[in-house]
Amino acid sequence: MANLTSRMQGVQSPIIPIIGELIHRTPGTISLGQGVVYYGPPPEAIALLPEFLKDLQNHKYQSVQGIAPLLSAIEAKLQSFNGIKSNGESCIMVTAGSNMAFINAVLAITNPGDEIIIQVPYYFNHEMAITMASCRPVLVATDENYQLRPEAIAQAITEKTRAVVTISPNNPTGAVYSEEALREVNRICRDRGIYHISDEAYEYFTYNGVKHISPGAFSQSSEYTISLYSLSKAYGFASWRIGYMVIPQHLLGAVKKVQDTILICPPVVSQYAALGALKAGADYYQKHISAIATVRELALNSLNRLQDICRIAPADGAFYFLLKVQTTLGAFELAERLIQEYQVAVIPGNTFGMDDGCYLRVAYGALQQETAAEGMERLVKGLDAIVGRC
């Protein structure tokens with residue numbers, strides 16, 4: 001057999017299917033693992049599917065950039081919610097989820113051997129995509145509350161650096177970055193002639209009066225800022241695979257090449273549904289996010305019982321907490337034992353680059369209140385018993 005050595009050997013295995021198999025082997029497990037919401041798409045999304053079906057042209061390839069009505073709806077949303085105005089210097093690309101938007105960006109702006117700065121903890125698919133592109137992820141640690149350290153980011157930039165990535169609200173920590181910090185990172189990118197890739201998949205999920213900030217709205221930032229968005233979370237759209245990106249106009253040709261090669265065009269049936277979802281708008285997602293906020297308080301109250309063995313950093317966004325557990329156990333071993341012995345699943349922190357201790361990501365968006373309460377009770381009981389015995 002031929003030697004199968006390739007760039008893929010340097011890419012970590014996706015953790016979600018691994019944890020999913022452990023859950024499958026332990027029936028009755030409550031998952032606080034995967035980052036999805038408990039609800040599905042709005043009725044307005046489903047209502048547009050007959051519109052898709054009645055036009056035979058919709059079964060043929062469509063624009064690589066996205067269908068015109070959806071692009072117009074996204075443009076209006078960006079202006080009203082994000083403060084990003086169409087100015088001729090940037091353009092919108094509909095993608096098959098924001099993960100695809102990220103790989104589009106990476107392939108468009110880099111050559112093999114280039115560097116992209118990501119914050120630790122990082123979103124594992126970002127680290128994987130950079131490695132797949134034969135580039136080097138440069139890891140910059142956030143502070144003890146998982147907030148940005150702009151001075152450390154500036155120090156990590158080299159002649160090979162092509163971009164700095166920020167995720168706010170953050171996966172896996174739930175942190176929301178301040179406007180001051182995001183402005184400073186954006187300014188650093190401008191001054192050093194590199195891109196700022198801003199992943200905003202959780203833009204609507206903020207709590208305690210905290211406001212989401214879009215760097216693409218900063219004055220004169222459109223020439224070097226790449227903004228990534230998703231319908232998967234707010235609109236319960238995970239399997240429909242629709243996201244979008246706002247890119248500098250000068251990157252459009254390169255991004256089109258990537259998307260046409262991998263995808264040809266975003267799935268048109270999903271684009272029709274996305275158009276319906278955007279028409280439903282804030283009234284739809286706000287009521288569900290309010291329900292998730294209630295579950296968040298429940299989860300936080302449960303976790304506060306573990307303050308003697310866990311550190312819980314402030315988390316005013318997304319639907320995650322990243323716990324630092326005071327134990328000598330490895331994170332994967334602890335996660336495995338929680339499934340096998342207490343029937344509750346979380347994600348080990350080493351998959352997010354956290355190798356200086358035992359970290360666990362707790363996701364609370366997928367569960368309604370009663371199930372979440374039971375899951376948190378199992379987690380608290382399990383951590384108290386397992387870590388207490390170590």
# chains A, B, ... in the order shown; residues from 1 in each chain; ligands from 1
>>> closest_atom_pairs(of="segment 282-385 of chain A", to="segment 17-23 of chain A", cutoff="9 Å", atoms="only C-alpha atoms", output="CSV")
residue,atom,partner,partner_atom,distance
A:Ala335,CA,A:Ile19,CA,8.6
A:Glu336,CA,A:Leu22,CA,7.4
A:Ile339,CA,A:Ile23,CA,6.7
A:Gln340,CA,A:Leu22,CA,8.0
A:Gln343,CA,A:Ile23,CA,8.0
A:Val344,CA,A:Ile23,CA,8.4
A:Ala345,CA,A:Ile23,CA,7.1
A:Val346,CA,A:Ile19,CA,8.1
A:Ile347,CA,A:Ile19,CA,7.4
>>> residues_around(residues="Phe218 of chain A", least_positions_apart="4", cutoff="10 Å", atoms="only C-alpha atoms", output="VMD selection string")
chain A and resid 83 to 84 179 182 to 183 186 to 187 213 to 214 222 225
>>> write_last_selection(atoms="N, CA and C atoms", output="short mmCIF file (atom, residue, chain, number, x, y, z; two decimals), in the first residue's frame")
data_model
loop_
_atom_site.label_atom_id
_atom_site.label_comp_id
_atom_site.auth_asym_id
_atom_site.auth_seq_id
_atom_site.Cartn_x
_atom_site.Cartn_y
_atom_site.Cartn_z
N GLY A 83 -24.45 47.26 11.95
CA GLY A 83 -23.89 48.56 11.61
C GLY A 83 -22.91 48.50 10.46
N ILE A 84 -22.97 47.43 9.66
CA ILE A 84 -22.09 47.27 8.51
C ILE A 84 -22.85 47.71 7.27
N GLU A 179 -15.59 46.29 23.13
CA GLU A 179 -15.37 47.12 21.94
C GLU A 179 -13.94 47.66 21.92
N LEU A 182 -11.54 44.86 20.74
CA LEU A 182 -11.73 44.55 19.33
C LEU A 182 -11.21 45.69 18.45
N ARG A 183 -11.42 46.93 18.89
CA ARG A 183 -10.89 48.07 18.12
C ARG A 183 -9.36 48.02 18.09
N ASN A 186 -8.28 45.29 15.72
CA ASN A 186 -8.55 45.72 14.36
C ASN A 186 -7.54 46.76 13.89
N ARG A 187 -7.16 47.65 14.81
CA ARG A 187 -6.15 48.67 14.47
C ARG A 187 -4.80 48.03 14.22
N ILE A 213 -20.41 43.40 19.41
CA ILE A 213 -19.72 44.39 18.58
C ILE A 213 -19.19 43.71 17.32
N SER A 214 -19.42 44.33 16.17
CA SER A 214 -18.91 43.82 14.89
C SER A 214 -17.76 44.70 14.42
N SER A 222 -13.25 48.10 6.28
CA SER A 222 -13.76 47.12 5.32
C SER A 222 -12.69 46.57 4.39
N THR A 225 -11.04 43.65 6.93
CA THR A 225 -11.84 42.90 7.90
C THR A 225 -12.71 41.89 7.17
#
>>> closest_residue(among="A:Asn82, A:Pro41, A:Asn104, A:Tyr122", to="Ile262 of chain A", atoms="only C-alpha atoms")
A:Asn104
>>> select_by_dssp(residues="segment 127-273 of chain A", states="alpha helix (DSSP H)", output="VMD selection string")
chain A and resid 127 to 132 150 to 156 179 to 192 252 to 262 268 to 273
>>> write_last_selection(atoms="N, CA and C atoms", output="CSV table (one decimal), in the first residue's frame")
chain,number,residue,atom,x,y,z
A,127,GLU,N,-8.6,25.8,14.0
A,127,GLU,CA,-7.2,25.3,14.1
A,127,GLU,C,-7.1,24.2,13.0
A,128,MET,N,-8.1,23.3,12.9
A,128,MET,CA,-8.0,22.3,11.9
A,128,MET,C,-7.9,22.8,10.5
A,129,ALA,N,-8.7,23.8,10.1
A,129,ALA,CA,-8.8,24.4,8.8
A,129,ALA,C,-7.4,25.0,8.4
A,130,ILE,N,-6.8,25.7,9.4
A,130,ILE,CA,-5.5,26.4,9.1
A,130,ILE,C,-4.5,25.3,8.8
A,131,THR,N,-4.5,24.2,9.6
A,131,THR,CA,-3.5,23.2,9.4
A,131,THR,C,-3.8,22.5,8.0
A,132,MET,N,-5.0,22.2,7.7
A,132,MET,CA,-5.4,21.6,6.4
A,132,MET,C,-4.8,22.4,5.2
A,150,PRO,N,-4.4,42.2,23.4
A,150,PRO,CA,-3.9,42.8,22.2
A,150,PRO,C,-2.4,42.9,22.1
A,151,GLU,N,-1.8,43.3,23.2
A,151,GLU,CA,-0.3,43.4,23.2
A,151,GLU,C,0.4,42.1,22.9
A,152,ALA,N,-0.2,41.0,23.3
A,152,ALA,CA,0.4,39.7,23.0
A,152,ALA,C,0.2,39.3,21.6
A,153,ILE,N,-1.0,39.7,21.0
A,153,ILE,CA,-1.3,39.5,19.6
A,153,ILE,C,-0.3,40.2,18.8
A,154,ALA,N,-0.1,41.5,19.1
A,154,ALA,CA,0.9,42.3,18.3
A,154,ALA,C,2.3,41.7,18.3
A,155,GLN,N,2.7,41.2,19.5
A,155,GLN,CA,4.0,40.6,19.6
A,155,GLN,C,4.2,39.3,18.8
A,156,ALA,N,3.0,38.6,18.6
A,156,ALA,CA,3.1,37.3,17.8
A,156,ALA,C,3.1,37.5,16.3
A,179,GLU,N,-15.6,46.3,23.1
A,179,GLU,CA,-15.4,47.1,21.9
A,179,GLU,C,-13.9,47.7,21.9
A,180,GLU,N,-13.4,48.0,23.1
A,180,GLU,CA,-12.1,48.6,23.2
A,180,GLU,C,-11.0,47.6,22.7
A,181,ALA,N,-11.2,46.3,23.1
A,181,ALA,CA,-10.2,45.3,22.7
A,181,ALA,C,-10.3,45.0,21.2
A,182,LEU,N,-11.5,44.9,20.7
A,182,LEU,CA,-11.7,44.6,19.3
A,182,LEU,C,-11.2,45.7,18.4
A,183,ARG,N,-11.4,46.9,18.9
A,183,ARG,CA,-10.9,48.1,18.1
A,183,ARG,C,-9.4,48.0,18.1
A,184,GLU,N,-8.8,47.7,19.2
A,184,GLU,CA,-7.3,47.6,19.3
A,184,GLU,C,-6.7,46.5,18.4
A,185,VAL,N,-7.4,45.3,18.4
A,185,VAL,CA,-6.9,44.3,17.5
A,185,VAL,C,-7.1,44.7,16.0
A,186,ASN,N,-8.3,45.3,15.7
A,186,ASN,CA,-8.6,45.7,14.4
A,186,ASN,C,-7.5,46.8,13.9
A,187,ARG,N,-7.2,47.7,14.8
A,187,ARG,CA,-6.2,48.7,14.5
A,187,ARG,C,-4.8,48.0,14.2
A,188,ILE,N,-4.4,47.0,15.0
A,188,ILE,CA,-3.2,46.3,14.9
A,188,ILE,C,-3.1,45.7,13.5
A,189,CYS,N,-4.2,45.1,13.1
A,189,CYS,CA,-4.3,44.4,11.8
A,189,CYS,C,-4.1,45.4,10.6
A,190,ARG,N,-4.8,46.6,10.8
A,190,ARG,CA,-4.7,47.6,9.8
A,190,ARG,C,-3.2,48.1,9.7
A,191,ASP,N,-2.6,48.4,10.8
A,191,ASP,CA,-1.3,49.0,10.8
A,191,ASP,C,-0.2,48.0,10.3
A,192,ARG,N,-0.5,46.7,10.5
A,192,ARG,CA,0.5,45.7,10.1
A,192,ARG,C,0.2,45.1,8.8
A,252,LEU,N,-13.0,39.0,-3.6
A,252,LEU,CA,-14.1,38.3,-4.1
A,252,LEU,C,-13.7,37.3,-5.1
A,253,GLY,N,-12.8,37.6,-6.0
A,253,GLY,CA,-12.4,36.7,-7.1
A,253,GLY,C,-11.8,35.4,-6.5
A,254,ALA,N,-10.9,35.6,-5.5
A,254,ALA,CA,-10.3,34.4,-4.9
A,254,ALA,C,-11.3,33.5,-4.1
A,255,VAL,N,-12.2,34.2,-3.3
A,255,VAL,CA,-13.2,33.4,-2.6
A,255,VAL,C,-14.1,32.7,-3.5
A,256,LYS,N,-14.5,33.3,-4.6
A,256,LYS,CA,-15.3,32.6,-5.6
A,256,LYS,C,-14.6,31.4,-6.1
A,257,LYS,N,-13.3,31.4,-6.4
A,257,LYS,CA,-12.6,30.3,-6.9
A,257,LYS,C,-12.7,29.1,-5.9
A,258,VAL,N,-12.5,29.4,-4.6
A,258,VAL,CA,-12.6,28.4,-3.5
A,258,VAL,C,-14.0,27.8,-3.5
A,259,GLN,N,-15.0,28.7,-3.4
A,259,GLN,CA,-16.3,28.2,-3.2
A,259,GLN,C,-16.8,27.4,-4.4
A,260,ASP,N,-16.5,27.9,-5.6
A,260,ASP,CA,-16.9,27.2,-6.9
A,260,ASP,C,-16.3,25.8,-6.9
A,261,THR,N,-15.1,25.7,-6.5
A,261,THR,CA,-14.4,24.4,-6.5
A,261,THR,C,-15.0,23.4,-5.5
A,262,ILE,N,-15.2,23.9,-4.3
A,262,ILE,CA,-15.7,23.0,-3.2
A,262,ILE,C,-17.2,22.7,-3.3
A,268,VAL,N,-29.5,25.7,-2.8
A,268,VAL,CA,-30.5,26.7,-3.1
A,268,VAL,C,-31.8,26.5,-2.2
A,269,VAL,N,-32.1,25.3,-1.9
A,269,VAL,CA,-33.3,25.1,-1.1
A,269,VAL,C,-33.1,25.7,0.3
A,270,SER,N,-31.8,25.5,0.8
A,270,SER,CA,-31.5,26.1,2.1
A,270,SER,C,-31.5,27.6,2.1
A,271,GLN,N,-31.1,28.2,0.9
A,271,GLN,CA,-31.1,29.6,0.8
A,271,GLN,C,-32.5,30.2,0.8
A,272,TYR,N,-33.5,29.5,0.2
A,272,TYR,CA,-34.9,29.9,0.3
A,272,TYR,C,-35.4,29.9,1.8
A,273,ALA,N,-35.0,28.8,2.5
A,273,ALA,CA,-35.4,28.7,3.9
A,273,ALA,C,-34.7,29.8,4.7
>>> residues_around(residues="Gly113 of chain A", least_positions_apart="6", cutoff="8 Å", atoms="only C-alpha atoms", output="PDB file with N, CA and C atoms, in the first residue's frame")
ATOM      1  N   SER A 134      -2.149  23.859   5.046  1.00  0.00           N
ATOM      2  CA  SER A 134      -0.680  23.857   5.122  1.00  0.00           C
ATOM      3  C   SER A 134      -0.141  25.180   5.646  1.00  0.00           C
ATOM      4  N   CYS A 135      -0.923  25.789   6.513  1.00  0.00           N
ATOM      5  CA  CYS A 135      -0.476  26.993   7.214  1.00  0.00           C
ATOM      6  C   CYS A 135      -0.237  26.657   8.680  1.00  0.00           C
ATOM      7  N   ARG A 136       0.288  27.622   9.414  1.00  0.00           N
ATOM      8  CA  ARG A 136       0.626  27.387  10.819  1.00  0.00           C
ATOM      9  C   ARG A 136      -0.266  28.220  11.719  1.00  0.00           C
ATOM     10  N   LYS A 160       5.309  36.378   8.263  1.00  0.00           N
ATOM     11  CA  LYS A 160       4.471  35.339   7.662  1.00  0.00           C
ATOM     12  C   LYS A 160       3.006  35.429   8.088  1.00  0.00           C
TER      13      LYS A 160
END
>>> closest_residue(among="A:Thr328, A:Gln147, A:Gln57, A:Thr294", to="Ala372 of chain A", atoms="only C-alpha atoms")
A:Thr294
>>> atom_distance(atom1="atom CA of Thr173 of chain A", atom2="atom CA of Ser227 of chain A")
19.7 Å
>>> select_by_dssp(residues="segment 236-279 of chain A", states="strand (DSSP E)", output="list of chain:residue names")
A:Gly243, A:Tyr244, A:Met245, A:Val246, A:Ile247, A:Pro248
>>> closest_atom_pairs(of="segment 219-253 of chain A", to="segment 90-98 of chain A", cutoff="8 Å", atoms="only C-alpha atoms", output="tab-separated table")
residue	atom	partner	partner_atom	distance
A:Ser222	CA	A:Ser90	CA	6.0
A:Glu223	CA	A:Ser90	CA	7.2
A:Leu228	CA	A:Ser98	CA	5.9
A:Tyr229	CA	A:Ser98	CA	5.7
A:Ser230	CA	A:Ser98	CA	5.3
A:Leu231	CA	A:Gly97	CA	7.6
A:Ser232	CA	A:Gly97	CA	7.3
A:Arg241	CA	A:Gly97	CA	4.6
A:Ile242	CA	A:Gly97	CA	4.4
A:Gly243	CA	A:Gly97	CA	4.0
A:Tyr244	CA	A:Val94	CA	4.2
A:Met245	CA	A:Met93	CA	5.3
A:Val246	CA	A:Ile92	CA	4.7
A:Ile247	CA	A:Ser90	CA	5.4
A:Pro248	CA	A:Ser90	CA	4.3
A:Gln249	CA	A:Ser90	CA	4.6
A:Leu252	CA	A:Cys91	CA	7.4
>>> residues_around(residues="Asn145 of chain A", least_positions_apart="4", cutoff="8 Å", atoms="only C-alpha atoms", output="list in words")
Ala175, Ala313 and Pro314 of chain A
>>> write_last_selection(atoms="C-alpha atoms", output="short mmCIF file (atom, residue, chain, number, x, y, z; two decimals), in the first residue's frame")
data_model
loop_
_atom_site.label_atom_id
_atom_site.label_comp_id
_atom_site.auth_asym_id
_atom_site.auth_seq_id
_atom_site.Cartn_x
_atom_site.Cartn_y
_atom_site.Cartn_z
CA ALA A 175 -16.66 35.32 26.70
CA ALA A 313 -14.82 32.44 34.33
CA PRO A 314 -17.40 35.12 33.44
#
>>> closest_residue(among="A:Ile194, A:Met376, A:Ala280, A:Val176", to="Arg296 of chain A", atoms="only C-alpha atoms")
A:Met376
>>> closest_residue(among="A:Phe102, A:Phe352, A:Phe124, A:Tyr177", to="Tyr146 of chain A", atoms="only C-alpha atoms")
A:Tyr177
>>> closest_residue(among="A:Pro137, A:Gly317, A:Gly357, A:Pro14", to="Gln34 of chain A", atoms="only C-alpha atoms")
A:Pro14
>>> closest_residue(among="A:Val210, A:Leu323, A:Ala105, A:Ala163", to="Gln119 of chain A", atoms="only C-alpha atoms")
A:Ala163
>>> residues_around(residues="Pro169 of chain A", least_positions_apart="6", cutoff="9 Å", atoms="only C-alpha atoms", output="number ranges by chain")
A: 175-177, 199-206, 212, 315-318
>>> residues_around(residues="segment 66-75 of chain A", least_positions_apart="2", cutoff="6 Å", atoms="only C-alpha atoms", output="list of chain:residue names")
A:Ser63, A:Val64, A:Lys77, A:Leu78, A:Val94, A:Leu275
>>> atom_distance(atom1="atom CA of Leu32 of chain A", atom2="atom CA of Ala366 of chain A")
7.7 Å
